[in-house]
file entry-v7.cif (mmCIF, C-alpha atoms)
data_structure
#
loop_
_atom_site.group_PDB
_atom_site.id
_atom_site.type_symbol
_atom_site.label_atom_id
_atom_site.label_comp_id
_atom_site.auth_asym_id
_atom_site.auth_seq_id
_atom_site.Cartn_x
_atom_site.Cartn_y
_atom_site.Cartn_z
ATOM 1 C CA MET A 1 145.333 161.074 114.894
ATOM 2 C CA THR A 2 144.058 164.257 113.400
ATOM 3 C CA SER A 3 142.995 164.663 109.793
ATOM 4 C CA PRO A 4 144.739 162.178 107.461
ATOM 5 C CA ASP A 5 144.491 164.616 104.567
ATOM 6 C CA ALA A 6 146.538 167.457 106.064
ATOM 7 C CA GLY A 7 149.055 169.090 103.770
ATOM 8 C CA PRO A 8 148.890 169.438 100.007
ATOM 9 C CA ALA A 9 147.978 166.373 98.050
ATOM 10 C CA GLY A 10 150.861 164.572 96.467
ATOM 11 C CA PRO A 11 152.037 161.115 95.501
ATOM 12 C CA THR A 12 154.104 160.720 98.682
ATOM 13 C CA VAL A 13 151.400 161.712 101.187
ATOM 14 C CA PRO A 14 150.368 158.380 102.828
ATOM 15 C CA ALA A 15 146.719 159.370 103.265
ATOM 16 C CA ALA A 16 145.393 155.808 103.420
ATOM 17 C CA ASP A 17 147.990 154.816 106.018
ATOM 18 C CA LEU A 18 147.184 157.875 108.122
ATOM 19 C CA ALA A 19 143.477 157.028 108.035
ATOM 20 C CA ALA A 20 144.124 153.398 108.947
ATOM 21 C CA LEU A 21 146.413 154.458 111.794
ATOM 22 C CA ARG A 22 143.703 156.712 113.154
ATOM 23 C CA GLU A 23 141.210 153.836 113.154
ATOM 24 C CA SER A 24 143.671 151.470 114.840
ATOM 25 C CA THR A 25 144.542 154.054 117.488
ATOM 26 C CA GLU A 26 140.928 154.907 118.278
ATOM 27 C CA ARG A 27 140.131 151.196 118.631
ATOM 28 C CA LEU A 28 143.030 150.774 121.058
ATOM 29 C CA LEU A 29 142.121 153.851 123.112
ATOM 30 C CA ALA A 30 138.505 152.703 123.416
ATOM 31 C CA ALA A 31 139.620 149.281 124.635
ATOM 32 C CA VAL A 32 142.078 150.700 127.151
ATOM 33 C CA ALA A 33 139.427 153.074 128.510
ATOM 34 C CA GLY A 34 137.443 150.027 129.628
ATOM 35 C CA LEU A 35 140.223 148.688 131.847
ATOM 36 C CA GLY A 36 140.866 149.367 135.522
ATOM 37 C CA ASP A 37 143.920 150.043 137.662
ATOM 38 C CA ALA A 38 144.178 146.407 138.752
ATOM 39 C CA SER A 39 144.024 145.209 135.133
ATOM 40 C CA VAL A 40 146.755 147.616 134.045
ATOM 41 C CA ALA A 41 149.068 146.189 136.705
ATOM 42 C CA GLU A 42 148.517 142.607 135.541
ATOM 43 C CA PRO A 43 150.918 140.750 133.207
ATOM 44 C CA SER A 44 150.615 141.355 129.482
ATOM 45 C CA LEU A 45 151.340 138.685 126.885
ATOM 46 C CA LEU A 46 154.911 139.987 126.606
ATOM 47 C CA PRO A 47 157.302 138.244 129.019
ATOM 48 C CA GLY A 48 158.286 140.484 131.925
ATOM 49 C CA TRP A 49 155.923 143.304 130.987
ATOM 50 C CA THR A 50 152.668 144.320 132.645
ATOM 51 C CA ARG A 51 149.937 145.971 130.636
ATOM 52 C CA GLY A 52 151.260 149.213 132.099
ATOM 53 C CA HIS A 53 154.606 148.546 130.422
ATOM 54 C CA VAL A 54 152.880 148.082 127.069
ATOM 55 C CA LEU A 55 150.897 151.310 127.440
ATOM 56 C CA ALA A 56 153.968 153.243 128.548
ATOM 57 C CA HIS A 57 155.915 151.919 125.573
ATOM 58 C CA LEU A 58 153.151 152.964 123.166
ATOM 59 C CA ALA A 59 153.113 156.508 124.551
ATOM 60 C CA ARG A 60 156.874 156.883 124.472
ATOM 61 C CA ASN A 61 157.062 155.388 120.971
ATOM 62 C CA ALA A 62 154.672 158.081 119.729
ATOM 63 C CA ASP A 63 156.923 160.746 121.233
ATOM 64 C CA ALA A 64 159.962 159.040 119.706
ATOM 65 C CA LEU A 65 158.419 159.298 116.238
ATOM 66 C CA VAL A 66 157.833 163.005 116.823
ATOM 67 C CA GLU A 67 161.571 163.270 117.465
ATOM 68 C CA VAL A 68 162.285 161.375 114.251
ATOM 69 C CA LEU A 69 160.103 163.726 112.226
ATOM 70 C CA ALA A 70 161.956 166.677 113.764
ATOM 71 C CA GLY A 71 165.287 165.235 112.633
ATOM 72 C CA ARG A 72 166.421 164.250 116.120
ATOM 73 C CA PRO A 73 167.445 160.808 117.451
ATOM 74 C CA MET A 74 164.479 158.517 118.067
ATOM 75 C CA TYR A 75 165.626 157.870 121.655
ATOM 76 C CA PRO A 76 168.562 159.435 123.558
ATOM 77 C CA SER A 77 169.808 155.885 124.212
ATOM 78 C CA ALA A 78 168.553 152.340 124.712
ATOM 79 C CA GLU A 79 169.018 152.801 128.452
ATOM 80 C CA VAL A 80 166.869 155.934 128.546
ATOM 81 C CA ARG A 81 164.189 154.207 126.469
ATOM 82 C CA GLU A 82 163.994 151.301 128.903
ATOM 83 C CA ALA A 83 164.137 153.556 131.970
ATOM 84 C CA ASP A 84 161.253 155.686 130.690
ATOM 85 C CA ILE A 85 159.081 152.603 130.205
ATOM 86 C CA GLU A 86 159.911 151.294 133.675
ATOM 87 C CA ARG A 87 159.191 154.720 135.182
ATOM 88 C CA ASP A 88 155.805 155.047 133.503
ATOM 89 C CA ALA A 89 154.564 151.449 133.750
ATOM 90 C CA PRO A 90 153.136 151.584 137.336
ATOM 91 C CA ARG A 91 150.903 154.606 136.765
ATOM 92 C CA PRO A 92 147.119 154.314 137.301
ATOM 93 C CA LEU A 93 144.845 153.889 134.300
ATOM 94 C CA VAL A 94 143.645 157.497 134.168
ATOM 95 C CA VAL A 95 147.241 158.721 133.891
ATOM 96 C CA GLN A 96 148.205 156.038 131.362
ATOM 97 C CA LEU A 97 145.247 156.836 129.154
ATOM 98 C CA ALA A 98 145.739 160.607 129.323
ATOM 99 C CA ASP A 99 149.421 160.199 128.469
ATOM 100 C CA LEU A 100 148.706 157.889 125.557
ATOM 101 C CA ARG A 101 146.062 160.242 124.162
ATOM 102 C CA ALA A 102 148.349 163.253 124.535
ATOM 103 C CA ALA A 103 151.293 161.469 122.910
ATOM 104 C CA ASP A 104 149.079 160.344 120.035
ATOM 105 C CA ALA A 105 147.870 163.918 119.569
ATOM 106 C CA ARG A 106 151.458 165.199 119.457
ATOM 107 C CA LEU A 107 152.332 162.641 116.812
ATOM 108 C CA GLY A 108 149.195 163.516 114.865
ATOM 109 C CA ARG A 109 150.157 167.188 114.800
ATOM 110 C CA ALA A 110 153.694 166.348 113.721
ATOM 111 C CA MET A 111 152.437 164.182 110.868
ATOM 112 C CA ASP A 112 149.788 166.678 109.822
ATOM 113 C CA SER A 113 152.458 169.369 109.506
ATOM 114 C CA LEU A 114 154.317 167.486 106.780
ATOM 115 C CA THR A 115 153.969 168.536 103.165
ATOM 116 C CA GLY A 116 154.100 166.074 100.298
ATOM 117 C CA GLU A 117 157.758 166.823 99.732
ATOM 118 C CA ARG A 118 158.715 166.216 103.358
ATOM 119 C CA TRP A 119 156.901 162.869 103.372
ATOM 120 C CA GLY A 120 159.482 161.770 100.818
ATOM 121 C CA ALA A 121 162.446 162.581 103.060
ATOM 122 C CA THR A 122 164.670 159.898 104.591
ATOM 123 C CA VAL A 123 164.444 159.608 108.375
ATOM 124 C CA ALA A 124 166.680 157.836 110.899
ATOM 125 C CA LEU A 125 165.131 155.282 113.243
ATOM 126 C CA ARG A 126 166.741 153.003 115.861
ATOM 127 C CA ASN A 127 169.821 150.852 115.425
ATOM 128 C CA GLY A 128 170.957 152.518 112.223
ATOM 129 C CA VAL A 129 167.714 151.834 110.352
ATOM 130 C CA THR A 130 166.591 154.471 107.863
ATOM 131 C CA ASP A 131 163.361 154.747 105.890
ATOM 132 C CA LEU A 132 161.135 157.313 104.224
ATOM 133 C CA ALA A 133 158.996 159.524 106.403
ATOM 134 C CA SER A 134 156.014 158.135 104.513
ATOM 135 C CA SER A 135 156.683 154.739 106.125
ATOM 136 C CA LEU A 136 156.065 156.065 109.644
ATOM 137 C CA PRO A 137 152.250 155.866 109.727
ATOM 138 C CA PHE A 138 152.375 152.143 108.963
ATOM 139 C CA ARG A 139 155.292 151.613 111.320
ATOM 140 C CA ARG A 140 153.252 153.244 114.067
ATOM 141 C CA ARG A 141 150.235 151.165 113.101
ATOM 142 C CA ILE A 142 152.338 148.028 113.614
ATOM 143 C CA GLU A 143 153.091 149.198 117.149
ATOM 144 C CA VAL A 144 149.450 149.992 117.867
ATOM 145 C CA GLU A 145 147.931 146.822 116.402
ATOM 146 C CA LEU A 146 150.426 144.258 117.704
ATOM 147 C CA HIS A 147 150.667 145.810 121.155
ATOM 148 C CA HIS A 148 146.869 145.921 121.316
ATOM 149 C CA VAL A 149 147.099 142.135 120.959
ATOM 150 C CA ASP A 150 149.935 142.027 123.517
ATOM 151 C CA LEU A 151 147.730 143.659 126.146
ATOM 152 C CA GLY A 152 145.834 140.376 126.398
ATOM 153 C CA ILE A 153 142.428 142.018 126.843
ATOM 154 C CA GLY A 154 140.469 140.074 124.223
ATOM 155 C CA TYR A 155 141.875 141.537 120.997
ATOM 156 C CA THR A 156 143.690 138.714 119.232
ATOM 157 C CA LEU A 157 145.655 138.161 116.056
ATOM 158 C CA HIS A 158 142.428 137.033 114.410
ATOM 159 C CA ASP A 159 140.852 140.421 115.160
ATOM 160 C CA LEU A 160 143.524 142.306 113.227
ATOM 161 C CA PRO A 161 142.288 143.950 110.013
ATOM 162 C CA ALA A 162 143.005 141.712 107.015
ATOM 163 C CA ASP A 163 144.851 144.464 105.161
ATOM 164 C CA PHE A 164 147.151 144.953 108.141
ATOM 165 C CA THR A 165 147.874 141.225 108.467
ATOM 166 C CA GLU A 166 148.776 140.880 104.788
ATOM 167 C CA ARG A 167 151.015 143.939 104.824
ATOM 168 C CA GLU A 168 152.771 143.025 108.048
ATOM 169 C CA LEU A 169 153.389 139.533 106.684
ATOM 170 C CA GLU A 170 155.092 141.084 103.649
ATOM 171 C CA ASN A 171 157.002 143.411 105.950
ATOM 172 C CA MET A 172 158.363 140.505 108.001
ATOM 173 C CA VAL A 173 159.284 138.567 104.860
ATOM 174 C CA ARG A 174 161.392 141.535 103.766
ATOM 175 C CA ARG A 175 162.847 141.953 107.237
ATOM 176 C CA PHE A 176 164.132 138.386 107.400
ATOM 177 C CA ALA A 177 165.224 138.161 103.755
ATOM 178 C CA GLY A 178 168.912 137.262 103.689
ATOM 179 C CA HIS A 179 169.079 137.199 107.497
ATOM 180 C CA PRO A 180 172.017 134.977 108.492
ATOM 181 C CA ASP A 181 170.185 133.666 111.562
ATOM 182 C CA VAL A 182 167.010 132.637 109.747
ATOM 183 C CA ALA A 183 166.883 129.303 107.921
ATOM 184 C CA PRO A 184 165.861 129.387 104.239
ATOM 185 C CA LEU A 185 162.060 129.518 104.304
ATOM 186 C CA GLU A 186 159.320 129.082 101.754
ATOM 187 C CA LEU A 187 156.054 130.429 103.132
ATOM 188 C CA ARG A 188 152.807 129.215 101.580
ATOM 189 C CA THR A 189 149.366 130.551 102.421
ATOM 190 C CA GLY A 190 147.340 127.837 100.701
ATOM 191 C CA ASP A 191 146.004 130.160 98.000
ATOM 192 C CA GLY A 192 148.879 129.667 95.598
ATOM 193 C CA ARG A 193 151.041 132.472 96.933
ATOM 194 C CA VAL A 194 154.616 131.631 97.837
ATOM 195 C CA ARG A 195 157.042 133.892 99.696
ATOM 196 C CA ARG A 196 160.705 133.146 100.294
ATOM 197 C CA THR A 197 162.774 134.613 103.094
ATOM 198 C CA GLY A 198 165.711 133.817 105.348
ATOM 199 C CA ARG A 199 169.151 132.760 104.176
ATOM 200 C CA THR A 200 169.629 131.708 100.591
ATOM 201 C CA ALA A 201 169.494 127.928 100.382
ATOM 202 C CA GLY A 202 172.825 126.382 99.404
ATOM 203 C CA ALA A 203 173.397 124.272 96.298
ATOM 204 C CA GLY A 204 171.187 121.199 96.393
ATOM 205 C CA ALA A 205 169.474 122.358 99.585
ATOM 206 C CA GLU A 206 165.761 122.952 99.819
ATOM 207 C CA PRO A 207 164.125 125.571 102.015
ATOM 208 C CA VAL A 208 161.887 124.644 104.910
ATOM 209 C CA VAL A 209 158.321 124.885 103.612
ATOM 210 C CA VAL A 210 155.908 126.441 106.104
ATOM 211 C CA THR A 211 152.211 126.516 105.236
ATOM 212 C CA GLY A 212 149.335 128.241 106.966
ATOM 213 C CA PRO A 213 146.912 131.171 106.886
ATOM 214 C CA PRO A 214 148.416 134.679 106.680
ATOM 215 C CA THR A 215 147.403 135.377 110.285
ATOM 216 C CA GLU A 216 149.280 132.329 111.583
ATOM 217 C CA LEU A 217 152.362 133.042 109.465
ATOM 218 C CA MET A 218 152.454 136.684 110.516
ATOM 219 C CA GLY A 219 151.904 135.749 114.163
ATOM 220 C CA TRP A 220 154.828 133.352 114.074
ATOM 221 C CA LEU A 221 157.180 135.720 112.232
ATOM 222 C CA THR A 222 156.423 138.532 114.704
ATOM 223 C CA GLY A 223 156.981 136.269 117.707
ATOM 224 C CA ARG A 224 153.339 136.367 118.816
ATOM 225 C CA THR A 225 152.851 132.595 118.447
ATOM 226 C CA THR A 226 155.036 129.516 118.475
ATOM 227 C CA GLY A 227 153.698 128.433 115.090
ATOM 228 C CA GLY A 228 151.208 125.900 116.389
ATOM 229 C CA GLY A 229 148.785 126.639 113.547
ATOM 230 C CA LEU A 230 151.366 125.970 110.839
ATOM 231 C CA THR A 231 152.432 122.841 108.993
ATOM 232 C CA VAL A 232 156.088 122.227 108.127
ATOM 233 C CA ALA A 233 157.766 120.169 105.413
ATOM 234 C CA GLY A 234 161.471 119.694 104.838
ATOM 235 C CA GLY A 235 162.467 120.017 108.466
ATOM 236 C CA VAL A 236 161.226 121.374 111.775
ATOM 237 C CA LEU A 237 159.888 124.866 112.343
ATOM 238 C CA PRO A 238 163.087 126.861 112.808
ATOM 239 C CA ALA A 239 163.764 129.249 115.639
ATOM 240 C CA LEU A 240 163.587 132.921 114.739
ATOM 241 C CA PRO A 241 165.810 135.678 116.143
ATOM 242 C CA PRO A 242 164.269 138.120 118.627
ATOM 243 C CA LEU A 243 162.858 141.321 117.163
#

call {"tool": "encode", "arguments": {"input": "entry-v7.cif", "output": "structure tokens"}}
result
Amino acid sequence: MTSPDAGPAGPTVPAADLAALRESTERLLAAVAGLGDASVAEPSLLPGWTRGHVLAHLARNADALVEVLAGRPMYPSAEVREADIERDAPRPLVVQLADLRAADARLGRAMDSLTGERWGATVALRNGVTDLASSLPFRRRIEVELHHVDLGIGYTLHDLPADFTERELENMVRRFAGHPDVAPLELRTGDGRVRRTGRTAGAGAEPVVVTGPPTELMGWLTGRTTGGGLTVAGGVLPALPPL
């Protein structure tokens, strides 16, 4: 990312998120630069995807967010999105890395061009989802941080910055709130904080209480773990819908 302070200062300019995204991206790029062609072709931690698939997805996601900021559809279609990833996945490391750097630079320029007022505009994402433009730096940071873990190259959930883990946990709690396919959940982190998500528990019914550190809860909610580091009361650990 380029300068996080581009554009006039204003209450809607997400300067802290832009700075954090830059740090996350630079950490990812440095790690990827240490790989080799054979490593890129090996399986990632995501079923059915090589590390090349993950890198291709990250590059194309950056370009998709440029489209969003320009007021165009994020992807032409789900089929095109998948085809682009499959096309780009087998490329050698030098091409993958150059593409990812170039895509990141394009996104950086697009974000730097926004004024405070434009950061407050509503943008359209995939599957009918809308949000403020100011949400995009953190949304991109989610992609960068979690897919860095998914590469399976030594960066784990426990290496994620604490501020990111806490915020992504809150994000997932909101995402599953009221979800018809998620059992009523009460999430406890052992420090007195309680978060509720999932379906509303019926009369006389109690939610499933899941307790564990924020990293373990976030890892489970994002589908990165099976919840082995969590304790459950009031039932078994429920299945979660795919993201």

call {"tool": "closest_atom_pairs", "arguments": {"input": "entry-v7.cif", "of": "region 109-172 of chain A", "to": "region 214-237 of chain A", "cutoff": "7 Å", "atoms": "all atoms listed in the file", "output": "Markdown table"}}
result
| residue | atom | partner | partner_atom | distance |
| --- | --- | --- | --- | --- |
| A:Leu157 | CA | A:Thr215 | CA | 6.6 |
| A:His158 | CA | A:Thr215 | CA | 6.7 |
| A:Thr165 | CA | A:Thr215 | CA | 6.1 |
| A:Glu166 | CA | A:Pro214 | CA | 6.5 |
| A:Glu168 | CA | A:Met218 | CA | 6.8 |
| A:Leu169 | CA | A:Met218 | CA | 4.9 |
| A:Met172 | CA | A:Leu221 | CA | 6.5 |

call {"tool": "atom_distance", "arguments": {"input": "entry-v7.cif", "atom1": "CA of Gly212 (chain A)", "atom2": "CA of Asp159 (chain A)"}}
result
17.0 Å

call {"tool": "closest_residue", "arguments": {"input": "entry-v7.cif", "among": "A:Val208, A:Leu136, A:Ala162, A:Val129", "to": "Asp17 (chain A)", "atoms": "all atoms listed in the file"}}
result
A:Leu136

call {"tool": "residues_around", "arguments": {"input": "entry-v7.cif", "residues": "region 48-65 of chain A", "least_positions_apart": "3", "cutoff": "9 Å", "atoms": "only C-alpha atoms", "output": "number ranges by chain"}}
result
A: 32, 39-45, 68-70, 73-75, 81-82, 84-93, 96-97, 99-107, 110, 125, 136, 140, 143-144, 147-148, 150-152

call {"tool": "closest_residue", "arguments": {"input": "entry-v7.cif", "among": "A:Ala177, A:Val13, A:Leu240, A:Val182", "to": "Arg195 (chain A)", "atoms": "only C-alpha atoms"}}
result
A:Ala177

call {"tool": "atom_distance", "arguments": {"input": "entry-v7.cif", "atom1": "CA of Ala33 (chain A)", "atom2": "CA of Tyr155 (chain A)"}}
result
14.0 Å

call {"tool": "closest_residue", "arguments": {"input": "entry-v7.cif", "among": "A:Glu117, A:Asp181, A:Glu170, A:Glu145", "to": "Arg27 (chain A)", "atoms": "only C-alpha atoms"}}
result
A:Glu145

call {"tool": "axis_aligned_box", "arguments": {"input": "entry-v7.cif", "around": "region 142-148 of chain A", "padding_each_side": "4 Å", "output": "JSON"}}
result
{"center_x": 150.0, "center_y": 147.1, "center_z": 117.5, "size_x": 14.2, "size_y": 13.7, "size_z": 15.7}

call {"tool": "resolve_selection", "arguments": {"input": "entry-v7.cif", "expression": "the PyMOL selection byres ((chain A and resi 190) around 7)", "output": "PyMOL selection string"}}
result
chain A and resi 188-189+191-192+211-212

call {"tool": "closest_residue", "arguments": {"input": "entry-v7.cif", "among": "A:Arg109, A:Arg72, A:Arg167, A:Arg193", "to": "Val123 (chain A)", "atoms": "all atoms listed in the file"}}
result
A:Arg72

call {"tool": "resolve_selection", "arguments": {"input": "entry-v7.cif", "expression": "the PyMOL selection byres ((chain A and resi 199) around 12)", "output": "list in words"}}
result
Val173, Arg174, Arg175, Phe176, Ala177, Gly178, His179, Pro180, Asp181, Val182, Ala183, Pro184, Leu185, Glu186, Arg196, Thr197, Gly198, Thr200, Ala201, Gly202, Ala205, Glu206, Pro207, Val208 and Leu240 of chain A

call {"tool": "write_last_selection", "arguments": {"input": "entry-v7.cif", "atoms": "C-alpha atoms", "output": "PDB file, in the coordinates of the input"}}
result
ATOM      1  CA  VAL A 173     159.284 138.567 104.860  1.00  0.00           C
ATOM      2  CA  ARG A 174     161.392 141.535 103.766  1.00  0.00           C
ATOM      3  CA  ARG A 175     162.847 141.953 107.237  1.00  0.00           C
ATOM      4  CA  PHE A 176     164.132 138.386 107.400  1.00  0.00           C
ATOM      5  CA  ALA A 177     165.224 138.161 103.755  1.00  0.00           C
ATOM      6  CA  GLY A 178     168.912 137.262 103.689  1.00  0.00           C
ATOM      7  CA  HIS A 179     169.079 137.199 107.497  1.00  0.00           C
ATOM      8  CA  PRO A 180     172.017 134.977 108.492  1.00  0.00           C
ATOM      9  CA  ASP A 181     170.185 133.666 111.562  1.00  0.00           C
ATOM     10  CA  VAL A 182     167.010 132.637 109.747  1.00  0.00           C
ATOM     11  CA  ALA A 183     166.883 129.303 107.921  1.00  0.00           C
ATOM     12  CA  PRO A 184     165.861 129.387 104.239  1.00  0.00           C
ATOM     13  CA  LEU A 185     162.060 129.518 104.304  1.00  0.00           C
ATOM     14  CA  GLU A 186     159.320 129.082 101.754  1.00  0.00           C
ATOM     15  CA  ARG A 196     160.705 133.146 100.294  1.00  0.00           C
ATOM     16  CA  THR A 197     162.774 134.613 103.094  1.00  0.00           C
ATOM     17  CA  GLY A 198     165.711 133.817 105.348  1.00  0.00           C
ATOM     18  CA  THR A 200     169.629 131.708 100.591  1.00  0.00           C
ATOM     19  CA  ALA A 201     169.494 127.928 100.382  1.00  0.00           C
ATOM     20  CA  GLY A 202     172.825 126.382  99.404  1.00  0.00           C
ATOM     21  CA  ALA A 205     169.474 122.358  99.585  1.00  0.00           C
ATOM     22  CA  GLU A 206     165.761 122.952  99.819  1.00  0.00           C
ATOM     23  CA  PRO A 207     164.125 125.571 102.015  1.00  0.00           C
ATOM     24  CA  VAL A 208     161.887 124.644 104.910  1.00  0.00           C
ATOM     25  CA  LEU A 240     163.587 132.921 114.739  1.00  0.00           C
TER      26      LEU A 240
END

call {"tool": "atom_distance", "arguments": {"input": "entry-v7.cif", "atom1": "CA of Val66 (chain A)", "atom2": "CA of Thr25 (chain A)"}}
result
16.0 Å

call {"tool": "closest_residue", "arguments": {"input": "entry-v7.cif", "among": "A:Pro161, A:Pro213, A:Pro137, A:Pro242", "to": "Leu18 (chain A)", "atoms": "only C-alpha atoms"}}
result
A:Pro137
